[in-house]
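Student: Supplied structure: run-v3.cif, mmCIF, C-alpha atoms.
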```
data_query
loop_
_atom_site.label_atom_id
_atom_site.label_comp_id
_atom_site.auth_asym_id
_atom_site.auth_seq_id
_atom_site.Cartn_x
_atom_site.Cartn_y
_atom_site.Cartn_z
CA MET A 67 -33.22 -40.07 -15.95
CA THR A 68 -31.39 -42.09 -13.29
CA ILE A 69 -28.02 -40.73 -14.41
CA ILE A 70 -29.31 -37.14 -14.31
CA VAL A 71 -30.74 -37.48 -10.79
CA THR A 72 -27.57 -39.21 -9.56
CA GLY A 73 -25.50 -36.41 -11.06
CA ILE A 74 -27.65 -33.75 -9.39
CA LEU A 75 -27.48 -35.50 -6.01
CA LEU A 76 -23.68 -35.82 -6.17
CA GLY A 77 -23.38 -32.36 -7.70
CA GLY A 78 -24.83 -30.77 -4.58
CA THR A 79 -21.95 -32.08 -2.50
CA TYR A 80 -19.36 -31.11 -5.11
CA ALA A 81 -20.89 -27.63 -5.37
CA LEU A 82 -20.53 -27.17 -1.61
CA ILE A 83 -16.89 -28.27 -1.77
CA ALA A 84 -16.37 -25.81 -4.62
CA MET A 85 -17.87 -23.00 -2.54
CA GLY A 86 -15.33 -23.70 0.19
CA LEU A 87 -12.44 -23.71 -2.26
CA THR A 88 -13.74 -20.51 -3.85
CA LEU A 89 -13.76 -18.79 -0.47
CA GLN A 90 -10.20 -19.89 0.21
CA TYR A 91 -8.82 -18.93 -3.17
CA GLY A 92 -11.07 -15.99 -4.01
CA VAL A 93 -10.59 -14.13 -0.74
CA ALA A 94 -7.42 -15.47 0.90
CA ARG A 95 -5.66 -16.12 -2.46
CA ILE A 96 -4.63 -19.59 -1.27
CA MET A 97 -4.97 -22.52 -3.67
CA ASN A 98 -5.53 -25.19 -1.02
CA LEU A 99 -4.44 -28.56 -2.37
CA ALA A 100 -5.00 -30.10 1.07
CA ASN A 101 -8.75 -29.46 0.95
CA GLY A 102 -9.48 -33.05 -0.08
CA GLU A 103 -7.62 -34.37 2.94
CA MET A 104 -9.72 -32.10 5.16
CA LEU A 105 -12.80 -33.61 3.56
CA VAL A 106 -11.51 -37.12 4.30
CA ALA A 107 -10.74 -36.10 7.89
CA GLY A 108 -14.35 -34.95 8.23
CA GLY A 109 -15.49 -38.30 6.87
CA PHE A 110 -13.34 -40.13 9.41
CA ALA A 111 -14.77 -37.93 12.17
CA ALA A 112 -18.33 -38.76 11.10
CA PHE A 113 -17.40 -42.46 10.94
CA TRP A 114 -15.88 -42.33 14.41
CA PHE A 115 -18.86 -40.50 15.94
CA TYR A 116 -21.28 -43.02 14.43
CA THR A 117 -19.39 -46.24 15.15
CA ALA A 118 -17.90 -45.37 18.54
CA GLY A 119 -20.66 -43.26 20.03
CA GLN A 120 -23.72 -44.12 17.91
CA ILE A 121 -24.07 -40.39 17.20
CA ASN A 122 -25.96 -39.38 14.09
CA PRO A 123 -23.36 -38.16 11.51
CA VAL A 124 -25.63 -35.24 10.61
CA ALA A 125 -25.76 -34.20 14.27
CA ALA A 126 -21.97 -34.61 14.41
CA LEU A 127 -21.75 -31.56 12.13
CA ILE A 128 -22.37 -29.48 15.25
CA VAL A 129 -18.93 -30.59 16.49
CA VAL A 130 -17.06 -31.34 13.26
CA ALA A 131 -17.73 -28.04 11.48
CA PRO A 132 -16.50 -25.76 14.32
CA VAL A 133 -13.42 -27.98 14.81
CA ALA A 134 -12.70 -27.80 11.06
CA PHE A 135 -13.13 -24.01 11.21
CA ALA A 136 -10.66 -23.74 14.10
CA VAL A 137 -8.10 -26.08 12.48
CA ASN A 138 -8.24 -24.21 9.18
CA TRP A 139 -7.95 -20.86 10.95
CA LEU A 140 -4.83 -22.08 12.78
CA ILE A 141 -3.37 -23.46 9.53
CA TYR A 142 -3.88 -20.12 7.83
CA ARG A 143 -2.67 -18.05 10.76
CA PHE A 144 0.52 -19.96 11.51
CA MET A 145 1.44 -21.74 8.27
CA LEU A 146 0.05 -19.71 5.39
CA GLN A 147 -0.10 -16.12 6.59
CA PRO A 148 3.74 -15.90 6.71
CA LEU A 149 3.69 -16.79 2.99
CA VAL A 150 1.17 -14.01 2.38
CA LEU A 151 3.30 -11.48 4.24
CA ARG A 152 6.53 -12.34 2.39
CA ALA A 153 5.02 -12.65 -1.09
CA LYS A 154 6.02 -9.79 -3.38
CA SER A 155 3.35 -10.58 -5.96
CA ARG A 156 0.14 -12.55 -6.33
CA GLY A 157 1.95 -15.03 -8.58
CA GLN A 158 4.57 -15.73 -5.93
CA LEU A 159 1.85 -16.25 -3.30
CA GLU A 160 0.04 -18.73 -5.56
CA VAL A 161 3.21 -20.75 -6.19
CA ASP A 162 4.21 -20.72 -2.51
CA SER A 163 0.72 -21.67 -1.32
CA ILE A 164 0.45 -24.50 -3.85
CA LEU A 165 3.77 -25.95 -2.69
CA ALA A 166 2.91 -25.52 1.00
CA THR A 167 -0.57 -27.05 0.77
CA PHE A 168 0.72 -29.85 -1.46
CA GLY A 169 3.17 -30.74 1.30
CA MET A 170 0.39 -30.46 3.90
CA SER A 171 -1.74 -32.89 1.92
CA PHE A 172 1.04 -35.50 2.05
CA ALA A 173 1.44 -34.89 5.79
CA PHE A 174 -2.31 -35.28 6.39
CA VAL A 175 -2.40 -38.48 4.34
CA GLY A 176 0.47 -39.89 6.38
CA VAL A 177 -1.16 -39.00 9.70
CA MET A 178 -4.55 -40.43 8.68
CA THR A 179 -2.98 -43.61 7.29
CA TRP A 180 -1.06 -44.04 10.51
CA ALA A 181 -4.15 -43.37 12.64
CA PHE A 182 -6.77 -45.31 10.64
CA GLY A 183 -4.85 -47.66 8.36
CA GLY A 184 -5.21 -47.95 4.62
CA GLY A 185 -8.37 -50.02 4.41
CA TYR A 186 -11.84 -49.01 3.27
CA PHE A 187 -14.44 -47.94 5.79
CA ASN A 188 -18.20 -47.83 5.41
CA TYR A 189 -21.31 -47.79 7.52
CA ALA A 190 -24.99 -48.20 6.84
CA PHE A 191 -26.36 -44.87 8.02
CA LEU A 192 -29.54 -43.95 6.09
CA ALA A 193 -28.85 -46.67 3.53
CA GLN A 194 -32.54 -47.33 2.90
CA PRO A 195 -33.70 -46.66 -0.66
CA VAL A 196 -35.79 -43.65 -1.63
CA GLU A 197 -37.97 -43.59 -4.74
CA LEU A 198 -37.44 -40.55 -6.99
CA PHE A 199 -38.87 -40.37 -10.51
CA GLY A 200 -39.35 -44.12 -10.62
CA SER A 201 -35.82 -45.10 -9.52
CA SER A 202 -34.25 -45.94 -6.15
CA TYR A 203 -31.52 -43.84 -4.55
CA ALA A 204 -29.79 -44.18 -1.20
CA ARG A 205 -31.41 -41.99 1.43
CA HIS A 206 -28.03 -40.66 2.63
CA ARG A 207 -27.37 -39.18 -0.83
CA VAL A 208 -30.68 -37.35 -0.77
CA VAL A 209 -30.02 -36.06 2.76
CA ALA A 210 -26.51 -34.95 1.73
CA PHE A 211 -27.95 -33.08 -1.24
CA VAL A 212 -30.59 -31.34 0.88
CA LEU A 213 -27.98 -30.35 3.49
CA ALA A 214 -25.66 -29.07 0.73
CA VAL A 215 -28.47 -26.90 -0.64
CA VAL A 216 -29.33 -25.56 2.83
CA ILE A 217 -25.71 -24.87 3.81
CA GLY A 218 -24.86 -23.39 0.41
CA GLY A 219 -27.97 -21.20 0.50
CA ALA A 220 -27.20 -20.00 4.03
CA LEU A 221 -23.62 -19.21 3.02
CA TRP A 222 -24.81 -17.29 -0.04
CA LEU A 223 -27.26 -15.27 2.07
CA TRP A 224 -24.55 -14.52 4.63
CA LEU A 225 -22.10 -13.42 1.94
CA THR A 226 -24.63 -11.19 0.16
CA LYS A 227 -26.66 -9.77 3.07
CA SER A 228 -24.29 -9.34 6.02
CA ARG A 229 -21.57 -6.75 6.66
CA ALA A 230 -19.02 -9.51 7.29
CA GLY A 231 -19.92 -11.04 3.93
CA LEU A 232 -19.55 -7.63 2.32
CA ARG A 233 -16.04 -7.35 3.77
CA LEU A 234 -15.09 -10.74 2.33
CA ARG A 235 -16.48 -9.81 -1.07
CA ALA A 236 -14.59 -6.51 -0.98
CA VAL A 237 -11.31 -8.26 -0.19
CA SER A 238 -11.91 -10.74 -3.01
CA VAL A 239 -12.29 -7.87 -5.49
CA ASN A 240 -9.41 -5.67 -4.31
CA PRO A 241 -7.52 -6.28 -1.06
CA ARG A 242 -5.56 -3.01 -1.24
CA SER A 243 -8.62 -0.81 -1.76
CA SER A 244 -10.45 -2.73 0.96
CA SER A 245 -7.75 -1.89 3.47
CA LEU A 246 -8.05 1.80 2.53
CA VAL A 247 -11.70 1.83 3.63
CA GLY A 248 -11.03 0.14 6.97
CA VAL A 249 -11.35 -3.57 6.17
CA ASP A 250 -8.90 -5.76 8.09
CA VAL A 251 -7.66 -7.80 5.12
CA ARG A 252 -5.68 -10.28 7.23
CA ALA A 253 -8.67 -11.05 9.47
CA ALA A 254 -11.00 -11.32 6.47
CA SER A 255 -8.61 -13.69 4.71
CA ALA A 256 -8.24 -15.87 7.81
CA LEU A 257 -12.02 -15.95 8.21
CA ALA A 258 -12.55 -16.89 4.55
CA PHE A 259 -9.94 -19.65 4.69
CA ALA A 260 -11.35 -21.10 7.92
CA LEU A 261 -14.93 -20.86 6.68
CA GLY A 262 -13.99 -22.48 3.37
CA GLY A 263 -12.40 -25.38 5.25
CA ALA A 264 -15.44 -25.77 7.51
CA VAL A 265 -17.80 -25.78 4.53
#
```
Could the structure of this file be written out as structure tokens, please?
Tutor:
Amino acid sequence: MTIIVTGILLGGTYALIAMGLTLQYGVARIMNLANGEMLVAGGFAAFWFYTAGQINPVAALIVVAPVAFAVNWLIYRFMLQPLVLRAKSRGQLEVDSILATFGMSFAFVGVMTWAFGGGYFNYAFLAQPVELFGSSYARHRVVAFVLAVVIGGALWLWLTKSRAGLRLRAVSVNPRSSSLVGVDVRAASALAFALGGAV
């Protein structure tokens, strides 16, 4: 039972990461190999907020998520959109985006190693144990799972119930037909990429 609960708790976080990647690839058609480095950058930001300013890492989401959105939007707009515009086929775009984001991942690793060093970092935020089904689990894992469910549920509702979500879903199905009915495909793709990075 312990293994199952641990898998579910970790799976919530992985599911949220997968939702972000799905937005980036499904709508913007960008296979973002630098997504993991963005995740690490978010972890460093949470670490910095907690250790330097004693700010709750969960509350730091109010700052970190919009900054991640803006950074990912800029990356798409200035680094990846030129690849989209020059690509003659979906296959060419996938190859170009894989190469570009692979290079970005190395650049991000270099910058973060330079800025933070190569050592391990940890902190004891919400490290107290929680009893679930007769076993103990770290409270921060439970909180991360609950937040992943809330954020993932909110994202699903937004994608299925709002007009902006409808535009993103239309672009993911057929970008050319979407543009024929008045959807700004470039703006929708930039939004999806930025939102995927923020998630």
Student: What residues have an atom no more than 10 Å from (-17.8, -28.9, -2.8) in the file's own frame, counting all atoms listed in the file, and can you write them as a count of residues only?
Tutor: 20
Student: Tell me, in Å to one decimal, how far CA of Phe110 in chain A is from CA of Ala190 in chain A.
Tutor: 14.4 Å
Student: Put the listed atoms of range 99-116 of chain A in a box along x, y and z with 8 Å added on every side and give me the centre and edge lengths in Å to one decimal, as lines of an AutoDock Vina configuration file.
Tutor:
```
center_x = -12.9
center_y = -35.8
center_z = 6.8
size_x = 32.8
size_y = 30.5
size_z = 34.3
```
Student: On this structure, which residues satisfy the PyMOL selection byres ((chain A and resi 194) around 9), written as a PyMOL selection string?
Tutor: chain A and resi 190-193+195-196+203-206
Student: Using only C-alpha atoms, can you tell me which of A:Val251, A:Phe187, A:Gly108, A:Met178 comes closest to Val137 in chain A?
Tutor: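 Of the candidates, the smallest distance to Val137 in chain A is held by A:Gly108.
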Student: By how many Å are CA of Phe144 in chain A and CA of Ala94 in chain A apart?
Tutor: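 So the two atoms, CA of Phe144 in chain A and CA of Ala94 in chain A, lie 14.0 Å apart.
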Student: Just give me the gap between CA of Ala181 in chain A and CA of Ala107 in chain A in Å, one decimal is fine.
Tutor: 10.9 Å
Student: Env of Ser238 in chain A: 10 Å cut, atoms = all atoms listed in the file, seq-sep filter 2 positions within chain, self excluded. Answer as JSON, numbers by chain.
Tutor: {"A": [88, 89, 90, 91, 92, 93, 94, 95, 232, 233, 234, 235, 236, 240, 241, 244, 251, 254, 255, 258]}
Student: For Thr179 in chain A, which residue out of A:Val106, A:Ala112, A:Met145, A:Val247 is the nearest one, using all atoms listed in the file?
Tutor: A:Val106
Student: So that I can check the surroundings of Tyr116 in chain A, please list as number ranges by chain every protein, DNA and RNA residue that reaches within 12 Å of it, counting only C-alpha atoms and ignoring chain neighbours fewer than 5 positions away.
Tutor: A: 109-111, 121-127, 188-192
Student: Expand the PyMOL selection byres ((chain A and resi 67) around 12) into the individual residues it matches in the shown file, reporting them as a VMD selection string.
Tutor: chain A and resid 68 to 74 198 to 202
Student: Using only C-alpha atoms, determine which residues lie at most 10 Å from Arg143 in chain A, disregarding the query and same-chain residues fewer than 4 positions distant; provide the list as an MDAnalysis selection string.
Tutor: chainID A and resid 137:139 147:148 252:253 255:257 259:260
Student: Counting all atoms listed in the file, which residue out of A:Ala136, A:Val215, A:Val177, A:Leu246 sits closest to Glu103 in chain A?
Tutor: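 With all atoms listed in the file as the atom set, the closest residue is A:Val177.
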Student: From the set A:Gly176, A:Pro132, A:Ile96, A:Ile217, which residue has the shortest atom-to-atom contact distance to Gly157 in chain A, counting all atoms listed in the file?
Tutor: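 Ranked by minimum distance to Gly157 in chain A, first place goes to A:Ile96.
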Student: Have a look at A:Leu151, A:Val208, A:Ala118, A:Ala134 and name the one nearest to Leu75 in chain A; count all atoms listed in the file.
Tutor: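 Between A:Leu151, A:Val208, A:Ala118, A:Ala134, the residue approaching Leu75 in chain A most closely is A:Val208.
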Student: Please determine, counting only C-alpha atoms, which residue among A:Gly231, A:Gly169, A:Gly248, A:Gly119 has the shortest atom-to-atom distance to Leu261 in chain A.
Tutor: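 Comparing A:Gly231, A:Gly169, A:Gly248, A:Gly119 against Leu261 in chain A, the winner is A:Gly231.
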Student: Because the input lacks atoms here, generate N, CA and C atoms for range 125-138 of chain A and report them as an mmCIF file, keeping the file's coordinate frame.
Tutor:
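Written out: result-v8.cif:
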```cif
data_model
loop_
_atom_site.group_PDB
_atom_site.id
_atom_site.type_symbol
_atom_site.label_atom_id
_atom_site.label_comp_id
_atom_site.auth_asym_id
_atom_site.auth_seq_id
_atom_site.Cartn_x
_atom_site.Cartn_y
_atom_site.Cartn_z
ATOM 1 N N ALA A 125 -25.879 -34.934 13.012
ATOM 2 C CA ALA A 125 -25.760 -34.200 14.270
ATOM 3 C C ALA A 125 -24.293 -33.928 14.607
ATOM 4 N N ALA A 126 -23.401 -34.802 14.149
ATOM 5 C CA ALA A 126 -21.970 -34.610 14.410
ATOM 6 C C ALA A 126 -21.430 -33.355 13.744
ATOM 7 N N LEU A 127 -22.159 -32.817 12.762
ATOM 8 C CA LEU A 127 -21.750 -31.560 12.130
ATOM 9 C C LEU A 127 -21.620 -30.432 13.150
ATOM 10 N N ILE A 128 -22.409 -30.515 14.214
ATOM 11 C CA ILE A 128 -22.370 -29.480 15.250
ATOM 12 C C ILE A 128 -20.988 -29.415 15.893
ATOM 13 N N VAL A 129 -20.285 -30.545 15.938
ATOM 14 C CA VAL A 129 -18.930 -30.590 16.490
ATOM 15 C C VAL A 129 -17.887 -30.488 15.388
ATOM 16 N N VAL A 130 -18.080 -31.240 14.297
ATOM 17 C CA VAL A 130 -17.060 -31.340 13.260
ATOM 18 C C VAL A 130 -16.820 -30.010 12.557
ATOM 19 N N ALA A 131 -17.889 -29.295 12.224
ATOM 20 C CA ALA A 131 -17.730 -28.040 11.480
ATOM 21 C C ALA A 131 -16.962 -26.979 12.284
ATOM 22 N N PRO A 132 -17.298 -26.730 13.563
ATOM 23 C CA PRO A 132 -16.500 -25.760 14.320
ATOM 24 C C PRO A 132 -15.038 -26.190 14.506
ATOM 25 N N VAL A 133 -14.803 -27.501 14.686
ATOM 26 C CA VAL A 133 -13.420 -27.980 14.810
ATOM 27 C C VAL A 133 -12.667 -27.752 13.494
ATOM 28 N N ALA A 134 -13.327 -28.048 12.368
ATOM 29 C CA ALA A 134 -12.700 -27.800 11.060
ATOM 30 C C ALA A 134 -12.423 -26.319 10.867
ATOM 31 N N PHE A 135 -13.347 -25.461 11.296
ATOM 32 C CA PHE A 135 -13.130 -24.010 11.210
ATOM 33 C C PHE A 135 -11.889 -23.620 11.994
ATOM 34 N N ALA A 136 -11.788 -24.096 13.250
ATOM 35 C CA ALA A 136 -10.660 -23.740 14.100
ATOM 36 C C ALA A 136 -9.334 -24.261 13.527
ATOM 37 N N VAL A 137 -9.326 -25.502 13.046
ATOM 38 C CA VAL A 137 -8.100 -26.080 12.480
ATOM 39 C C VAL A 137 -7.658 -25.305 11.251
ATOM 40 N N ASN A 138 -8.597 -24.960 10.375
ATOM 41 C CA ASN A 138 -8.240 -24.210 9.180
ATOM 42 C C ASN A 138 -7.787 -22.795 9.511
#
```
